[in-house]
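Have a look at final.txt below; it lists compact mmCIF, C-alpha atoms and all ligand atoms.
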```txt
# COMPACT_ATOMS: atom_id res chain seq x y z
CA MET A 1 -8.56 10.02 -22.67
CA LYS A 2 -5.09 8.49 -22.66
CA ALA A 3 -4.54 5.63 -20.20
CA LEU A 4 -2.22 2.75 -19.50
CA VAL A 5 -4.37 -0.25 -20.38
CA LEU A 6 -3.69 -3.86 -19.53
CA GLU A 7 -5.19 -5.62 -22.57
CA LYS A 8 -4.47 -9.09 -21.19
CA ALA A 9 -1.68 -10.80 -19.27
CA GLY A 10 1.68 -9.54 -20.53
CA GLN A 11 0.20 -6.96 -22.92
CA LEU A 12 0.06 -3.26 -22.10
CA SER A 13 -0.82 -0.33 -24.30
CA LEU A 14 -0.81 3.40 -23.76
CA ARG A 15 -3.87 4.41 -25.72
CA ASP A 16 -7.15 6.30 -25.79
CA ILE A 17 -9.94 4.67 -23.86
CA TYR A 18 -13.51 5.72 -23.20
CA ILE A 19 -14.49 5.40 -19.54
CA GLU A 20 -18.07 6.19 -18.67
CA GLU A 21 -18.08 8.37 -15.56
CA HIS A 22 -21.00 9.94 -13.79
CA PHE A 23 -20.18 13.27 -12.11
CA GLY A 24 -22.52 13.65 -9.13
CA VAL A 25 -22.95 16.46 -6.58
CA ASP A 26 -20.60 14.73 -4.12
CA ASP A 27 -17.91 13.96 -6.70
CA VAL A 28 -14.58 15.52 -7.55
CA ARG A 29 -12.84 15.57 -10.92
CA ILE A 30 -9.08 15.21 -10.67
CA LYS A 31 -6.16 15.65 -13.04
CA VAL A 32 -3.83 12.80 -12.13
CA HIS A 33 -0.23 13.80 -11.37
CA THR A 34 1.73 10.88 -9.87
CA VAL A 35 0.93 7.18 -9.69
CA GLY A 36 2.96 4.60 -7.78
CA ILE A 37 3.34 1.12 -9.25
CA CYS A 38 2.27 -1.51 -6.75
CA GLY A 39 3.19 -5.19 -6.63
CA SER A 40 -0.43 -5.99 -7.45
CA ASP A 41 -0.27 -3.92 -10.68
CA VAL A 42 2.83 -5.84 -11.71
CA HIS A 43 1.16 -9.14 -10.80
CA TYR A 44 -1.86 -8.35 -12.98
CA TYR A 45 0.48 -7.33 -15.80
CA GLN A 46 2.43 -10.59 -15.59
CA HIS A 47 -0.32 -13.09 -14.76
CA GLY A 48 -3.63 -11.38 -15.61
CA ALA A 49 -5.11 -12.41 -12.26
CA ILE A 50 -4.73 -12.32 -8.49
CA GLY A 51 -6.58 -15.19 -6.84
CA PRO A 52 -10.25 -14.91 -7.79
CA PHE A 53 -9.78 -11.53 -9.53
CA VAL A 54 -9.24 -12.21 -13.22
CA VAL A 55 -8.69 -9.58 -15.94
CA LYS A 56 -11.30 -10.50 -18.57
CA ASN A 57 -11.54 -7.14 -20.34
CA PRO A 58 -8.99 -4.38 -20.94
CA MET A 59 -8.36 -2.59 -17.62
CA VAL A 60 -6.51 0.60 -16.68
CA LEU A 61 -3.84 -0.13 -14.04
CA GLY A 62 -2.78 1.85 -10.95
CA HIS A 63 -4.29 2.62 -7.55
CA GLU A 64 -1.73 4.83 -5.75
CA ALA A 65 -2.39 8.35 -6.95
CA SER A 66 -2.06 12.03 -6.27
CA GLY A 67 -3.29 14.87 -8.43
CA THR A 68 -4.98 18.25 -8.68
CA VAL A 69 -8.68 19.00 -8.33
CA ILE A 70 -10.19 20.49 -11.50
CA GLU A 71 -13.89 20.45 -10.58
CA VAL A 72 -15.99 19.79 -7.49
CA GLY A 73 -19.65 18.87 -7.17
CA LYS A 74 -22.03 21.21 -5.31
CA GLY A 75 -22.05 18.98 -2.24
CA VAL A 76 -18.27 18.94 -1.78
CA LYS A 77 -17.26 21.48 0.85
CA HIS A 78 -13.71 20.47 1.83
CA LEU A 79 -12.08 20.89 -1.60
CA LYS A 80 -11.86 23.40 -4.43
CA ALA A 81 -10.34 23.51 -7.92
CA GLY A 82 -6.56 23.77 -7.72
CA ASP A 83 -6.18 21.78 -4.49
CA ARG A 84 -3.47 19.13 -4.52
CA VAL A 85 -4.95 15.86 -3.32
CA CYS A 86 -4.56 12.12 -2.92
CA MET A 87 -7.31 9.59 -3.34
CA GLU A 88 -8.33 6.50 -1.45
CA PRO A 89 -8.81 3.89 -4.19
CA GLY A 90 -11.58 1.76 -2.67
CA ILE A 91 -15.18 2.90 -2.88
CA PRO A 92 -17.55 0.90 -0.67
CA ASP A 93 -21.32 0.78 -0.76
CA PRO A 94 -22.22 3.49 1.78
CA ASN A 95 -25.25 1.45 2.89
CA GLY A 96 -23.47 -1.87 3.19
CA LYS A 97 -23.41 -3.47 6.64
CA ALA A 98 -19.60 -3.58 6.87
CA THR A 99 -19.45 0.10 5.87
CA ARG A 100 -22.00 1.08 8.50
CA LEU A 101 -19.98 -0.85 11.08
CA GLY A 102 -16.88 1.19 10.17
CA MET A 103 -15.12 -1.63 8.32
CA TYR A 104 -15.71 -0.24 4.85
CA ASN A 105 -12.56 -1.94 3.53
CA LEU A 106 -14.33 -5.26 4.11
CA ASP A 107 -17.52 -4.32 2.29
CA PRO A 108 -18.07 -7.15 -0.22
CA ALA A 109 -19.31 -4.57 -2.75
CA VAL A 110 -16.20 -2.36 -2.54
CA ARG A 111 -14.96 -1.15 -5.93
CA PHE A 112 -11.19 -0.80 -5.83
CA TRP A 113 -9.09 0.78 -8.59
CA ALA A 114 -7.31 -1.69 -10.85
CA THR A 115 -9.00 -4.71 -9.32
CA PRO A 116 -10.98 -6.24 -12.20
CA PRO A 117 -13.35 -5.12 -13.53
CA VAL A 118 -12.69 -1.63 -12.06
CA HIS A 119 -10.42 0.75 -13.99
CA GLY A 120 -7.41 2.18 -12.15
CA CYS A 121 -5.91 5.65 -12.09
CA LEU A 122 -3.13 5.57 -14.71
CA ARG A 123 -5.06 7.98 -16.90
CA GLU A 124 -5.29 11.70 -17.47
CA THR A 125 -8.33 12.47 -15.33
CA LEU A 126 -10.81 10.67 -13.10
CA VAL A 127 -13.97 11.25 -11.11
CA HIS A 128 -13.96 10.18 -7.46
CA PRO A 129 -16.32 10.58 -4.48
CA GLY A 130 -15.20 13.63 -2.47
CA MET A 131 -15.42 11.56 0.70
CA PHE A 132 -12.37 9.61 -0.48
CA VAL A 133 -10.34 12.59 -1.71
CA PHE A 134 -7.91 14.19 0.76
CA LYS A 135 -6.16 17.54 0.50
CA LEU A 136 -2.37 17.28 0.67
CA PRO A 137 -0.73 19.39 3.38
CA GLU A 138 1.56 22.05 1.92
CA LYS A 139 4.76 20.21 2.73
CA VAL A 140 3.56 16.88 1.28
CA GLY A 141 4.50 16.63 -2.39
CA PHE A 142 2.87 14.59 -5.14
CA ASP A 143 5.28 11.67 -4.59
CA GLU A 144 4.38 11.35 -0.92
CA GLY A 145 0.77 12.00 -1.89
CA ALA A 146 0.79 8.89 -4.08
CA LEU A 147 2.55 6.93 -1.32
CA THR A 148 -0.21 7.77 1.14
CA GLU A 149 -1.87 4.60 -0.15
CA PRO A 150 0.83 2.14 0.96
CA LEU A 151 1.44 4.19 4.14
CA ALA A 152 -2.24 3.70 4.98
CA VAL A 153 -1.55 -0.05 5.01
CA GLY A 154 1.26 0.49 7.53
CA VAL A 155 -0.90 2.76 9.69
CA HIS A 156 -3.71 0.22 9.68
CA ALA A 157 -1.32 -2.63 10.60
CA VAL A 158 0.16 -0.64 13.48
CA ARG A 159 -3.28 0.21 14.81
CA LYS A 160 -4.24 -3.48 14.69
CA ALA A 161 -1.06 -4.31 16.62
CA GLN A 162 -1.99 -1.83 19.39
CA ILE A 163 1.61 -0.68 19.78
CA ARG A 164 2.55 0.58 23.26
CA PRO A 165 5.33 3.09 23.99
CA GLY A 166 8.71 1.37 23.94
CA ASP A 167 7.62 -1.77 22.11
CA VAL A 168 10.20 -3.55 20.00
CA ALA A 169 8.81 -4.47 16.60
CA LEU A 170 10.11 -6.85 13.99
CA VAL A 171 9.09 -6.29 10.38
CA ILE A 172 9.70 -9.20 8.02
CA GLY A 173 10.21 -7.95 4.46
CA ALA A 174 11.74 -4.65 3.32
CA GLY A 175 9.65 -3.98 0.22
CA THR A 176 7.41 -0.91 0.11
CA ILE A 177 4.86 -2.36 2.54
CA GLY A 178 7.54 -3.54 4.98
CA MET A 179 9.14 -0.08 4.86
CA VAL A 180 5.93 1.86 5.43
CA THR A 181 4.98 -0.50 8.24
CA ALA A 182 8.38 0.03 9.86
CA VAL A 183 8.10 3.83 9.70
CA ALA A 184 4.51 3.69 10.99
CA ALA A 185 5.61 1.41 13.87
CA LYS A 186 8.37 3.82 14.78
CA ALA A 187 5.98 6.76 14.59
CA GLY A 188 3.52 4.76 16.67
CA GLY A 189 5.86 4.57 19.65
CA CYS A 190 8.23 1.65 19.08
CA SER A 191 11.63 2.12 20.69
CA LYS A 192 13.25 -0.12 18.11
CA VAL A 193 12.14 -1.51 14.76
CA ILE A 194 14.10 -4.44 13.40
CA ILE A 195 13.56 -5.13 9.71
CA ALA A 196 14.55 -8.37 7.99
CA ASP A 197 15.07 -9.12 4.32
CA VAL A 198 17.40 -10.98 1.96
CA VAL A 199 18.28 -7.96 -0.23
CA GLN A 200 21.08 -5.84 1.21
CA GLU A 201 20.26 -2.74 -0.89
CA LYS A 202 16.75 -2.56 0.59
CA LEU A 203 18.13 -3.10 4.10
CA ASP A 204 20.61 -0.25 3.59
CA LEU A 205 17.71 2.06 2.74
CA ALA A 206 15.78 0.82 5.80
CA ALA A 207 18.83 1.48 7.98
CA SER A 208 19.02 5.03 6.63
CA LEU A 209 15.44 5.49 7.86
CA GLY A 210 16.47 4.53 11.40
CA MET A 211 15.64 0.82 11.37
CA THR A 212 17.84 -2.01 12.63
CA ALA A 213 18.43 -3.99 9.45
CA VAL A 214 19.01 -7.75 9.46
CA ASN A 215 20.11 -9.67 6.39
CA VAL A 216 18.69 -13.15 7.01
CA THR A 217 21.03 -14.73 4.46
CA ARG A 218 23.89 -13.88 6.81
CA GLU A 219 22.39 -13.44 10.28
CA ASP A 220 20.17 -15.58 12.46
CA LEU A 221 16.98 -13.54 12.91
CA ASN A 222 15.82 -15.13 16.18
CA GLN A 223 19.22 -14.58 17.70
CA THR A 224 19.40 -10.95 16.57
CA VAL A 225 15.93 -10.25 17.99
CA GLY A 226 16.90 -12.07 21.18
CA ASN A 227 20.05 -9.97 21.54
CA ALA A 228 18.08 -6.78 21.03
CA THR A 229 15.50 -7.68 23.71
CA ASN A 230 17.53 -9.36 26.47
CA GLY A 231 16.30 -12.70 25.20
CA TRP A 232 12.64 -11.75 25.61
CA GLY A 233 11.56 -11.48 21.94
CA ALA A 234 9.79 -8.86 19.85
CA ASP A 235 6.55 -7.42 21.20
CA VAL A 236 5.10 -7.31 17.72
CA VAL A 237 5.98 -9.17 14.53
CA PHE A 238 4.70 -7.70 11.27
CA GLU A 239 4.83 -10.26 8.48
CA ALA A 240 5.15 -8.18 5.31
CA SER A 241 6.98 -10.56 2.99
CA GLY A 242 4.21 -13.02 2.11
CA SER A 243 6.96 -15.59 1.74
CA GLU A 244 6.04 -19.08 2.83
CA GLY A 245 9.28 -19.73 4.72
CA ALA A 246 9.08 -16.49 6.71
CA LEU A 247 5.37 -16.81 7.45
CA SER A 248 5.56 -20.25 8.99
CA LYS A 249 8.30 -19.07 11.38
CA ALA A 250 6.71 -15.75 12.37
CA PHE A 251 6.09 -16.85 15.98
CA GLU A 252 9.68 -17.80 16.77
CA PRO A 253 11.08 -14.29 17.38
CA LEU A 254 7.91 -13.21 19.24
CA CYS A 255 7.84 -12.53 23.00
CA PRO A 256 5.38 -14.26 25.34
CA GLY A 257 2.02 -12.51 25.00
CA GLY A 258 3.13 -10.80 21.80
CA ARG A 259 1.21 -9.94 18.67
CA VAL A 260 1.69 -11.04 15.08
CA VAL A 261 0.13 -9.06 12.25
CA PHE A 262 -0.09 -10.79 8.88
CA ILE A 263 0.15 -8.20 6.10
CA GLY A 264 1.85 -9.99 3.19
CA MET A 265 -0.32 -12.19 1.01
CA PRO A 266 1.20 -15.55 0.16
CA THR A 267 0.19 -16.93 -3.23
CA HIS A 268 -0.66 -20.35 -1.74
CA PRO A 269 -2.07 -21.57 1.58
CA VAL A 270 0.74 -21.76 4.16
CA PRO A 271 0.79 -24.19 7.10
CA PHE A 272 2.13 -23.00 10.44
CA ASP A 273 2.72 -24.57 13.83
CA ILE A 274 -0.24 -23.53 15.99
CA VAL A 275 1.47 -24.78 19.15
CA SER A 276 4.36 -22.34 18.58
CA ALA A 277 1.74 -19.57 18.79
CA GLN A 278 -0.16 -21.14 21.71
CA VAL A 279 2.85 -21.50 24.01
CA LYS A 280 3.23 -17.71 23.78
CA GLU A 281 -0.50 -16.97 23.78
CA ALA A 282 0.21 -14.96 20.67
CA ARG A 283 -2.50 -12.62 19.46
CA ILE A 284 -2.90 -12.95 15.72
CA GLU A 285 -4.16 -10.06 13.60
CA THR A 286 -4.68 -9.81 9.88
CA ILE A 287 -5.32 -6.82 7.69
CA PHE A 288 -6.96 -6.24 4.33
CA ARG A 289 -6.04 -2.85 2.86
CA TYR A 290 -7.16 -0.19 5.42
CA ALA A 291 -10.00 1.98 6.69
CA HIS A 292 -9.90 5.51 8.13
CA ALA A 293 -6.11 5.55 7.73
CA TYR A 294 -5.53 8.31 5.14
CA PRO A 295 -6.03 11.29 7.49
CA ARG A 296 -3.52 9.85 9.98
CA ALA A 297 -1.03 8.96 7.25
CA LEU A 298 -1.19 12.56 5.98
CA LEU A 299 -0.77 13.99 9.48
CA LEU A 300 2.32 11.83 10.00
CA MET A 301 3.87 13.25 6.82
CA GLU A 302 2.78 16.82 7.55
CA SER A 303 4.33 16.71 11.02
CA GLY A 304 7.60 15.39 9.59
CA THR A 305 7.33 12.25 11.74
CA VAL A 306 7.33 10.25 8.53
CA ASN A 307 9.19 11.09 5.31
CA LEU A 308 8.52 8.71 2.44
CA ASN A 309 10.51 10.55 -0.23
CA PRO A 310 13.56 8.25 0.13
CA LEU A 311 11.34 5.30 -0.88
CA VAL A 312 10.78 6.74 -4.35
CA THR A 313 13.76 5.20 -6.13
CA ASP A 314 12.66 5.37 -9.78
CA LYS A 315 10.60 7.84 -11.79
CA TYR A 316 9.13 7.45 -15.29
CA ARG A 317 7.12 9.75 -17.51
CA PHE A 318 3.59 8.77 -18.53
CA GLU A 319 4.77 8.29 -22.14
CA ASP A 320 7.20 5.68 -20.81
CA SER A 321 4.62 3.82 -18.70
CA ILE A 322 5.11 0.53 -20.53
CA LYS A 323 8.86 0.76 -19.96
CA ALA A 324 8.15 1.49 -16.30
CA PHE A 325 6.15 -1.73 -15.99
CA GLU A 326 8.75 -3.76 -17.86
CA TYR A 327 11.30 -2.42 -15.39
CA ALA A 328 8.99 -3.02 -12.41
CA ALA A 329 8.64 -6.66 -13.46
CA ASN A 330 12.39 -7.08 -13.21
CA PRO A 331 13.79 -4.24 -11.10
CA LYS A 332 17.24 -3.67 -9.65
CA PRO A 333 17.54 -4.81 -6.02
CA SER A 334 17.88 -1.16 -4.96
CA SER A 335 14.44 -0.23 -6.36
CA VAL A 336 11.64 0.20 -3.83
CA LYS A 337 8.90 2.44 -5.22
CA ILE A 338 8.64 3.17 -8.93
CA VAL A 339 6.36 6.09 -9.80
CA ILE A 340 4.94 7.42 -13.04
CA GLU A 341 4.45 11.18 -13.52
CA LEU A 342 1.71 12.37 -15.82
ZN ZN A 401 -0.76 -0.91 -3.58
```
Kindly present the structure from the file in structure tokens form.
Ligand SMILES: [Zn+2]
Amino acid sequence: MKALVLEKAGQLSLRDIYIEEHFGVDDVRIKVHTVGICGSDVHYYQHGAIGPFVVKNPMVLGHEASGTVIEVGKGVKHLKAGDRVCMEPGIPDPNGKATRLGMYNLDPAVRFWATPPVHGCLRETLVHPGMFVFKLPEKVGFDEGALTEPLAVGVHAVRKAQIRPGDVALVIGAGTIGMVTAVAAKAGGCSKVIIADVVQEKLDLAASLGMTAVNVTREDLNQTVGNATNGWGADVVFEASGSEGALSKAFEPLCPGGRVVFIGMPTHPVPFDIVSAQVKEARIETIFRYAHAYPRALLLMESGTVNLNPLVTDKYRFEDSIKAFEYAANPKPSSVKIVIEL
């Protein structure tokens, strides 16, 4: 089948590839429709590695996908051919200890699309365990279907933060993950979500989604958060930029007893002032992908509480996948989510 293959760092080809797939009784065969390009895909394309994960053999990219079911195994009861679906890209070992404890995202044996050596979803069809395939509600289109994946990250982060009604949240970083975290925080009961970035175009989009946007090149973030909270500070800080400068200062705008959730992944170890966290008895949470978040993400979109369509700023055809990645490596400041349609 045709697929977008990362041959090695910096070299992509759209070509035929043979992928050995076993179709079991609990599996679903899917015709892929829309795939979102994630920062990690672009990172593999540019550098051929993320931390310990190194691309040693040609690998199909992509892990944010929606599509249409073309075949279901005998054991699959919740889906039928023709259903529009989205897929959770990580497949854990069902018998692993972390999986049995409910933390299947932390299973050391998890196989995640487009994390070497596992092929991703930028290809015509794929086989996936039915357990990780979710039917799209009627009003959720293929774009939002593909964006269920990043939204799941936001949902997971908000659950970790244990948001309470009326909380004021600060989200640092207005990329896709910052945006989906902000909308999930709002949906989760925050009275106000402040979002900080250095790119005005992204902040304008965030503002159109109901967020209070702060351009940190022009405004003092701590002061803005202080003004918005009678000097108390944000109840929750979501760090979604992964930038070293922002990370080390994440506790400054936090209120006493507040929570900080680290979502962004810095490329290097980052030092931070532990005392600045201690004097507020800050609770620190971290997240790695998500677990059990897809059904909630889909319900949020079905109910209209969350609308991710404005985040899709650029669309490419499958034939132009290489162009899409070249653009994604050097996008306009206004670009948030670039998707490829098959
Ligand atoms: Zn992603």
Mind checking which residues fall within 10 Å of range 276-289 of chain A, counting all atoms listed in the file, ignoring those fewer than 2 positions away in the same chain, and posting them as an mmCIF file with C-alpha atoms, in the coordinates of the input?
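Everything below was put into result.cif:
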```cif
data_model
loop_
_atom_site.group_PDB
_atom_site.id
_atom_site.type_symbol
_atom_site.label_atom_id
_atom_site.label_comp_id
_atom_site.auth_asym_id
_atom_site.auth_seq_id
_atom_site.Cartn_x
_atom_site.Cartn_y
_atom_site.Cartn_z
ATOM 1 C CA GLY A 90 -11.580 1.760 -2.670
ATOM 2 C CA ASN A 105 -12.560 -1.940 3.530
ATOM 3 C CA LEU A 106 -14.330 -5.260 4.110
ATOM 4 C CA GLU A 149 -1.870 4.600 -0.150
ATOM 5 C CA PRO A 150 0.830 2.140 0.960
ATOM 6 C CA ALA A 152 -2.240 3.700 4.980
ATOM 7 C CA VAL A 153 -1.550 -0.050 5.010
ATOM 8 C CA GLY A 154 1.260 0.490 7.530
ATOM 9 C CA HIS A 156 -3.710 0.220 9.680
ATOM 10 C CA ALA A 157 -1.320 -2.630 10.600
ATOM 11 C CA LYS A 160 -4.240 -3.480 14.690
ATOM 12 C CA ALA A 161 -1.060 -4.310 16.620
ATOM 13 C CA ASP A 235 6.550 -7.420 21.200
ATOM 14 C CA VAL A 236 5.100 -7.310 17.720
ATOM 15 C CA VAL A 237 5.980 -9.170 14.530
ATOM 16 C CA PHE A 238 4.700 -7.700 11.270
ATOM 17 C CA GLU A 239 4.830 -10.260 8.480
ATOM 18 C CA SER A 248 5.560 -20.250 8.990
ATOM 19 C CA LYS A 249 8.300 -19.070 11.380
ATOM 20 C CA ALA A 250 6.710 -15.750 12.370
ATOM 21 C CA PHE A 251 6.090 -16.850 15.980
ATOM 22 C CA GLU A 252 9.680 -17.800 16.770
ATOM 23 C CA LEU A 254 7.910 -13.210 19.240
ATOM 24 C CA CYS A 255 7.840 -12.530 23.000
ATOM 25 C CA PRO A 256 5.380 -14.260 25.340
ATOM 26 C CA GLY A 257 2.020 -12.510 25.000
ATOM 27 C CA GLY A 258 3.130 -10.800 21.800
ATOM 28 C CA ARG A 259 1.210 -9.940 18.670
ATOM 29 C CA VAL A 260 1.690 -11.040 15.080
ATOM 30 C CA VAL A 261 0.130 -9.060 12.250
ATOM 31 C CA PHE A 262 -0.090 -10.790 8.880
ATOM 32 C CA ILE A 263 0.150 -8.200 6.100
ATOM 33 C CA GLY A 264 1.850 -9.990 3.190
ATOM 34 C CA MET A 265 -0.320 -12.190 1.010
ATOM 35 C CA PHE A 272 2.130 -23.000 10.440
ATOM 36 C CA ASP A 273 2.720 -24.570 13.830
ATOM 37 C CA ILE A 274 -0.240 -23.530 15.990
ATOM 38 C CA ALA A 291 -10.000 1.980 6.690
ATOM 39 C CA ALA A 293 -6.110 5.550 7.730
#
```
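If you measure from each of A:Thr68, A:Thr305, A:Thr176, A:Asn227 to ligand ZN 401 (chain A) using only C-alpha atoms and all ligand atoms, the closest one turns out to be A:Thr176.
One distance worth recording is that between CA of Met1 in chain A and CA of Asn309 in chain A, which is 29.5 Å.
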Near-ligand residues for ligand ZN 401 (chain A), threshold 12 Å, only C-alpha atoms and all ligand atoms, as a VMD selection string: chain A and resid 35 to 43 61 to 65 88 to 90 112 to 115 120 to 121 146 to 154 175 to 177 180 264 288 to 290 337 to 339
Limited to C-alpha atoms, could you put the picked residues into a file as a PDB file, keeping the file's coordinate frame?
```
ATOM      1  CA  VAL A  35       0.930   7.180  -9.690  1.00  0.00           C
ATOM      2  CA  GLY A  36       2.960   4.600  -7.780  1.00  0.00           C
ATOM      3  CA  ILE A  37       3.340   1.120  -9.250  1.00  0.00           C
ATOM      4  CA  CYS A  38       2.270  -1.510  -6.750  1.00  0.00           C
ATOM      5  CA  GLY A  39       3.190  -5.190  -6.630  1.00  0.00           C
ATOM      6  CA  SER A  40      -0.430  -5.990  -7.450  1.00  0.00           C
ATOM      7  CA  ASP A  41      -0.270  -3.920 -10.680  1.00  0.00           C
ATOM      8  CA  VAL A  42       2.830  -5.840 -11.710  1.00  0.00           C
ATOM      9  CA  HIS A  43       1.160  -9.140 -10.800  1.00  0.00           C
ATOM     10  CA  LEU A  61      -3.840  -0.130 -14.040  1.00  0.00           C
ATOM     11  CA  GLY A  62      -2.780   1.850 -10.950  1.00  0.00           C
ATOM     12  CA  HIS A  63      -4.290   2.620  -7.550  1.00  0.00           C
ATOM     13  CA  GLU A  64      -1.730   4.830  -5.750  1.00  0.00           C
ATOM     14  CA  ALA A  65      -2.390   8.350  -6.950  1.00  0.00           C
ATOM     15  CA  GLU A  88      -8.330   6.500  -1.450  1.00  0.00           C
ATOM     16  CA  PRO A  89      -8.810   3.890  -4.190  1.00  0.00           C
ATOM     17  CA  GLY A  90     -11.580   1.760  -2.670  1.00  0.00           C
ATOM     18  CA  PHE A 112     -11.190  -0.800  -5.830  1.00  0.00           C
ATOM     19  CA  TRP A 113      -9.090   0.780  -8.590  1.00  0.00           C
ATOM     20  CA  ALA A 114      -7.310  -1.690 -10.850  1.00  0.00           C
ATOM     21  CA  THR A 115      -9.000  -4.710  -9.320  1.00  0.00           C
ATOM     22  CA  GLY A 120      -7.410   2.180 -12.150  1.00  0.00           C
ATOM     23  CA  CYS A 121      -5.910   5.650 -12.090  1.00  0.00           C
ATOM     24  CA  ALA A 146       0.790   8.890  -4.080  1.00  0.00           C
ATOM     25  CA  LEU A 147       2.550   6.930  -1.320  1.00  0.00           C
ATOM     26  CA  THR A 148      -0.210   7.770   1.140  1.00  0.00           C
ATOM     27  CA  GLU A 149      -1.870   4.600  -0.150  1.00  0.00           C
ATOM     28  CA  PRO A 150       0.830   2.140   0.960  1.00  0.00           C
ATOM     29  CA  LEU A 151       1.440   4.190   4.140  1.00  0.00           C
ATOM     30  CA  ALA A 152      -2.240   3.700   4.980  1.00  0.00           C
ATOM     31  CA  VAL A 153      -1.550  -0.050   5.010  1.00  0.00           C
ATOM     32  CA  GLY A 154       1.260   0.490   7.530  1.00  0.00           C
ATOM     33  CA  GLY A 175       9.650  -3.980   0.220  1.00  0.00           C
ATOM     34  CA  THR A 176       7.410  -0.910   0.110  1.00  0.00           C
ATOM     35  CA  ILE A 177       4.860  -2.360   2.540  1.00  0.00           C
ATOM     36  CA  VAL A 180       5.930   1.860   5.430  1.00  0.00           C
ATOM     37  CA  GLY A 264       1.850  -9.990   3.190  1.00  0.00           C
ATOM     38  CA  PHE A 288      -6.960  -6.240   4.330  1.00  0.00           C
ATOM     39  CA  ARG A 289      -6.040  -2.850   2.860  1.00  0.00           C
ATOM     40  CA  TYR A 290      -7.160  -0.190   5.420  1.00  0.00           C
ATOM     41  CA  LYS A 337       8.900   2.440  -5.220  1.00  0.00           C
ATOM     42  CA  ILE A 338       8.640   3.170  -8.930  1.00  0.00           C
ATOM     43  CA  VAL A 339       6.360   6.090  -9.800  1.00  0.00           C
TER      44      VAL A 339
END
```
- request: Within 12 Å of Gly189 in chain A, counting only C-alpha atoms, which residues show up once you throw out same-chain ones fewer than 3 positions away? Write them as a ChimeraX atom specification, please.
  value: /A:158-159,161-169,182-186,192-193,305
message: Between CA of Ile322 in chain A and CA of Val133 in chain A, what distance in Å does the model show, to one decimal?
response: 27.2 Å
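The neighbours of Glu302 in chain A here are the residues that come within 7 Å of it, using all atoms listed in the file and leaving out any residue fewer than 3 positions away in the same chain; they are A:Pro137, A:Lys139, A:Val140, A:Leu298, A:Leu299.
The space between CA of Ile340 in chain A and CA of Ala324 in chain A spans 7.5 Å.
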Using all atoms listed in the file, I'd like a table of the residues in range 37-109 of chain A that come within 7 Å of range 7-29 of chain A; for each, show the closest atom pair and its distance in Å rounded to one decimal, ordered by chain and ascending number, as a Markdown table.
```
| residue | atom | partner | partner_atom | distance |
| --- | --- | --- | --- | --- |
| A:Tyr44 | CA | A:Ala9 | CA | 6.8 |
| A:Tyr45 | CA | A:Gly10 | CA | 5.4 |
| A:Gln46 | CA | A:Gly10 | CA | 5.1 |
| A:His47 | CA | A:Ala9 | CA | 5.2 |
| A:Gly48 | CA | A:Ala9 | CA | 4.2 |
| A:Val55 | CA | A:Lys8 | CA | 6.8 |
| A:Asn57 | CA | A:Glu7 | CA | 6.9 |
| A:Pro58 | CA | A:Glu7 | CA | 4.3 |
| A:Met59 | CA | A:Glu7 | CA | 6.6 |
| A:Val69 | CA | A:Arg29 | CA | 6.0 |
| A:Ile70 | CA | A:Arg29 | CA | 5.6 |
| A:Glu71 | CA | A:Arg29 | CA | 5.0 |
| A:Val72 | CA | A:Val28 | CA | 4.5 |
| A:Gly73 | CA | A:Val25 | CA | 4.1 |
| A:Lys74 | CA | A:Val25 | CA | 5.0 |
| A:Gly75 | CA | A:Asp26 | CA | 4.9 |
| A:Val76 | CA | A:Asp26 | CA | 5.4 |
```
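Proximity to Asp314 in chain A was assessed for A:Phe132, A:Leu209, A:Asp143, A:Thr125 counting all atoms listed in the file; the smallest distance is recorded for A:Asp143.
Counting all atoms listed in the file and comparing A:Gly210, A:Leu126, A:Gly173, A:Ala81, the residue that lies closest to Ser191 in chain A is A:Gly210.
With distances taken over all atoms listed in the file, A:Glu124 is the one residue among A:Glu219, A:Glu124, A:Asp320, A:Asp83 lying closest to Ala3 in chain A.
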How big is the axis-aligned box around the listed atoms of range 131-142 of chain A once 6 Å is added on each side, and where is its centre? Give both in Å to one decimal, as AutoDock Vina command-line options.
```
--center_x -5.3 --center_y 15.8 --center_z -0.9 --size_x 32.2 --size_y 24.4 --size_z 20.5
```
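Using only C-alpha atoms for every distance, the candidate list A:Ala234, A:Val60, A:Leu122, A:Leu101 yields A:Leu122 as the residue closest to Leu342 in chain A.
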Complete the atoms of range 43-48 of chain A to N, CA and C atoms and put them out as a short mmCIF file (atom, residue, chain, number, x, y, z; two decimals), in the coordinates of the input.
```
data_model
loop_
_atom_site.label_atom_id
_atom_site.label_comp_id
_atom_site.auth_asym_id
_atom_site.auth_seq_id
_atom_site.Cartn_x
_atom_site.Cartn_y
_atom_site.Cartn_z
N HIS A 43 1.69 -7.77 -10.78
CA HIS A 43 1.16 -9.14 -10.80
C HIS A 43 0.06 -9.29 -11.86
N TYR A 44 -0.83 -8.30 -11.92
CA TYR A 44 -1.86 -8.35 -12.98
C TYR A 44 -1.22 -8.30 -14.36
N TYR A 45 -0.21 -7.46 -14.51
CA TYR A 45 0.48 -7.33 -15.80
C TYR A 45 1.10 -8.68 -16.20
N GLN A 46 1.73 -9.35 -15.24
CA GLN A 46 2.43 -10.59 -15.59
C GLN A 46 1.50 -11.80 -15.71
N HIS A 47 0.48 -11.86 -14.83
CA HIS A 47 -0.32 -13.09 -14.76
C HIS A 47 -1.79 -12.89 -15.14
N GLY A 48 -2.24 -11.63 -15.22
CA GLY A 48 -3.63 -11.38 -15.61
C GLY A 48 -4.64 -11.71 -14.52
#
```
